[in-house]
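**Student:** Sharing a structure with you now.
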Amino acid sequence: MRPSGALVGVAPFFVYTTVFLLIPTIVVVVGAFADGSGRPTLDNVAALGGANSSFLPALQHSVVLSLVTALAGAVIGAVLAYAVSTARPDGLLKRFITSLCGVLAQFGGVALAFAFMATFSIQGFLTVWLNSLGLDTGSSIWLYQWDKGLMLVYLYFQIPLMLIVFLPAVEGIKPQWREATETLGGTTWTYWTKVAGPILLPSFIGATLLLFTNAFSAYATAAALISQASPIVPLQIAGTFTSEVILGQENVGKAMALAMVVVVALVMWVYAALDKRASRWLVR
Amino acid sequence: MSTRHTERRKRAALRWTVIGLTLVFFLIPLYGMLEFTTRDLINGGRTGKFWTTLVDVPQVTERYPALAEGFASSMALALITVVVMLLLLVPTMTWVRLRLPGLTRTVEFICLLPLTVPAIVLVVGLTPVYAWVTYLLGEGTVWLGLAYVILVLPYAYRSLDAGLRAIDVKTLSEAARSLGASWLRVMWQIVLPNLRTAVLSASFLSVALVLGEFTIANLFSRKNLQVAMFELGKSDGQLSVAVGLASLVFAFVVLFAMSFVGRKEKS
């Protein structure tokens with residue numbers, strides 16, 4: 001069979017991904033620079049930075065939220081991953097924790113918001129319990145604010161994601177490296193700062209970046225928790241779907257979407273570069 | 001000898017402290033859900049009525065038609081997504097391995113691309129595409145499955161790629177071909193059975209992702225399980241939380257069972 005004949009075999013895949021992935025991406029990129037009737041314009045992008053636009057604060061909130069939960073989630077998740085890696089490889093504990101983390105990291109969404117409302121809202125069991133102990137927890141408004149409640153809920157899926165992403169790296173550490181360090185007179189401190197630390201660092205940074213994009217793109221949890229305002233970018237984009245379209249601003253949502261893609265693509269690009277470096281030491 | 005012993009004890013203590021603390025953090029909100037759904041707000045005390053309602057299928061269908069509809073849609077979506085994903089990926093990835101190794105990087109790039117396109121952005125770009133889908137195929141919720149295939153692409157690709165790496169597709173298919181098998185038969189009777197574990201894990205991951213999907217369905221105003229649950233939350237808080245907890249437990253059971261399946265076949 002000639003190579004051109006062989007190409008027919010992959011045609012369905014390319015057609016499908018063109019329709020459902022490539023075209024949507026092009027729609028966003030082109031639409032961000034077009035007005036309602038398709039003529040090129042910079043108005044959409046300009047509207048994002050306008051004085052009375054709520055986009056820039058939302059972008060700032062999104063970045064801060066993602067950064068804080070990525071860093072905190074990465075540190076806590078990494079410690080957890082190390083603790084789990086010292087457990088028996090095929091043990092129930094490890095299976096239990098990785099399965100639990102898999103659920104919380106990827107399939108939670110709306111249910112996670114419900115869980116936090118059932119726990120921390122004014123009728124939530126923790127609030128009720130603390131009140132019955134005589135502790136005044138104040139109002140529960142904090143739960144619905146992006147820099148308090150949302151951060152806590154995001155941590156609830158960031159830590160599990162870190163465990164899943166980082167566990168293979170921690171497990172790639174060979175006990176021989178520690179033995180070699182000890183034979184050469186190194187302490188636990190030298191082992192972590194001179195051997196294991198540098199080996200794990202690229203994976204750690206890479207995983208942190210992944211956590212950042214994860215929080216940055218998340219929509220479901222925030223949508224279920226916050227119903228009043230749109231303090232973060234995904235909620236703002238969703239708002240362009242439901243609110244009335246102002247004439248001449250039909251494509252502002254696409255400009256916002258493009259801004260999101262640019263941020264995520266930048267982060268993923270750094271991630272890919274680091275991943276290449278990390279895989280040098282770890283056989284996967 | 002004794003230093004190693006204390007070292008090990010210290011490490012075990014650290015392990016249990018860390019794992020214990022994080023488990024408490026993970027389990028408190030889940031306990032909160034359970035506690036909330038068993039509250040009897042009318043008479044005080046505890047009640048299991050929300051849970052008995054949930055397993056009573058005729059009653060749910062009658063009293064909460066949206067929930068039943070969302071559940072049925074999510075099941076259909078899971079099926080469609082898995083079937084289309086497998087039909088699309090397994091032959092393509094095998095074919096690329098056999099005849100077009102030059103395209104490996106391109107296919108990988110496309111499959112991992114959805115990781116950089118947040119679902120919310122995909123919704124924005126999919127609007128005109130779905131105008132056509134609705135025009136050609138109708139308004140059915142099940143057609144969301146076509147977009148869900150894109151969402152599961154990176155995860156499915158990784159599972160299948162790992163599976164393909166583990167077998168020698170080239171030798172297997174050449175042997176089959178030289179014995180007179182057609183390409184269809186090579187695919188169906190040679191490649192697929194050898195990829196059993198990878199196909200299974202790709203399918204499980206896809207099912208779990210589809211059952212948890214909210215963004216696209218909500219913004220396209222289609223009712224799947226998550227959207228139905230979200231809307232139920234506005235009118236019947238306790239039942240919706242029960243649905244949420246049940247879906248989390250279900251996903252956990254699937255993943256937990258999967259961790260055993262994968263291991264067994266490897267050894």
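Residue names in the structure tokens use chain letters A, B, ... in the order shown, residue numbers from 1 in each chain, and ligand numbers from 1 in the order shown.
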Identify all chain B residues at most 6 Å from chain A by counting only C-alpha atoms; ligands do not count. Present them as number ranges by chain.

**Tutor:** B: 15, 29-30, 32-33, 36, 88, 92, 116, 118, 121, 125-126, 212, 215, 244, 252, 255-256

**Student:** May I have the selected residues written with C-alpha atoms, as a short mmCIF file (atom, residue, chain, number, x, y, z; two decimals), in the first residue's frame?

**Tutor:**
data_model
loop_
_atom_site.label_atom_id
_atom_site.label_comp_id
_atom_site.auth_asym_id
_atom_site.auth_seq_id
_atom_site.Cartn_x
_atom_site.Cartn_y
_atom_site.Cartn_z
CA ARG B 15 3.58 8.56 57.53
CA PRO B 29 -16.79 17.50 54.25
CA LEU B 30 -17.91 14.04 53.14
CA GLY B 32 -20.83 16.75 56.52
CA MET B 33 -22.77 15.57 53.48
CA PHE B 36 -26.82 16.81 56.37
CA LEU B 88 -11.59 6.78 17.01
CA THR B 92 -5.84 5.36 14.63
CA THR B 116 -4.50 23.36 27.39
CA PRO B 118 -10.22 24.61 29.45
CA VAL B 121 -13.19 27.84 26.52
CA GLY B 125 -15.74 27.73 20.53
CA LEU B 126 -18.18 24.85 20.24
CA GLY B 212 -18.75 14.24 36.54
CA THR B 215 -19.44 22.78 32.44
CA GLY B 244 -23.80 14.27 45.23
CA PHE B 252 -14.70 5.89 44.35
CA LEU B 255 -11.65 3.61 40.83
CA PHE B 256 -10.97 1.34 43.78
#

**Student:** Hey, what's within 12 Å of A:Thr181 if we count only C-alpha atoms and toss same-chain stuff fewer than 5 positions away? As an MDAnalysis selection string, please?

**Tutor:** chainID A and resid 174:176 186:196

**Student:** Can you write out the residues you just picked, keeping C-alpha atoms, as a PDB file, in the first residue's frame?

**Tutor:**
ATOM      1  CA  LYS A 174      15.596   4.355  44.284  1.00  0.00           C
ATOM      2  CA  PRO A 175      16.518   3.221  47.809  1.00  0.00           C
ATOM      3  CA  GLN A 176      20.055   2.694  46.485  1.00  0.00           C
ATOM      4  CA  GLY A 186      25.896  11.900  54.000  1.00  0.00           C
ATOM      5  CA  THR A 187      23.160  12.721  56.480  1.00  0.00           C
ATOM      6  CA  THR A 188      19.405  12.785  55.882  1.00  0.00           C
ATOM      7  CA  TRP A 189      19.802  16.519  55.304  1.00  0.00           C
ATOM      8  CA  THR A 190      22.415  16.039  52.548  1.00  0.00           C
ATOM      9  CA  TYR A 191      20.295  13.319  51.037  1.00  0.00           C
ATOM     10  CA  TRP A 192      17.274  15.616  50.685  1.00  0.00           C
ATOM     11  CA  THR A 193      19.141  18.756  49.641  1.00  0.00           C
ATOM     12  CA  LYS A 194      21.793  17.212  47.381  1.00  0.00           C
ATOM     13  CA  VAL A 195      20.256  14.006  46.004  1.00  0.00           C
ATOM     14  CA  ALA A 196      16.501  13.509  46.210  1.00  0.00           C
TER      15      ALA A 196
END

**Student:** Interatomic distance between atom CA of B:Val152 and atom CA of B:Leu209?

**Tutor:**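 Calculated distance between atom CA of B:Val152 and atom CA of B:Leu209 is 7.1 Å.
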
**Student:** Find the distance between atom CA of B:Val243 and atom CA of B:Val55 and write it in Å to one decimal.

**Tutor:** 10.3 Å

**Student:** So what do you get for atom CA of A:Asp35 versus atom CA of A:Ala255, distance-wise?

**Tutor:**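 Rounded to one decimal, the two atoms are 11.0 Å apart.
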
**Student:** Using only C-alpha atoms, find the one residue out of B:Ile216, B:Leu41, B:Ile110, B:Leu195 that sits nearest to B:Leu146.

**Tutor:**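 Using only C-alpha atoms, the shortest distance to B:Leu146 belongs to B:Ile216.
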
**Student:** So that I can see what lies close to B:Gly45, please list as a ChimeraX atom specification the residues with an atom at most 12 Å from it, counting only C-alpha atoms and leaving out residues fewer than 5 positions away in the same chain.

**Tutor:** /B:35-40
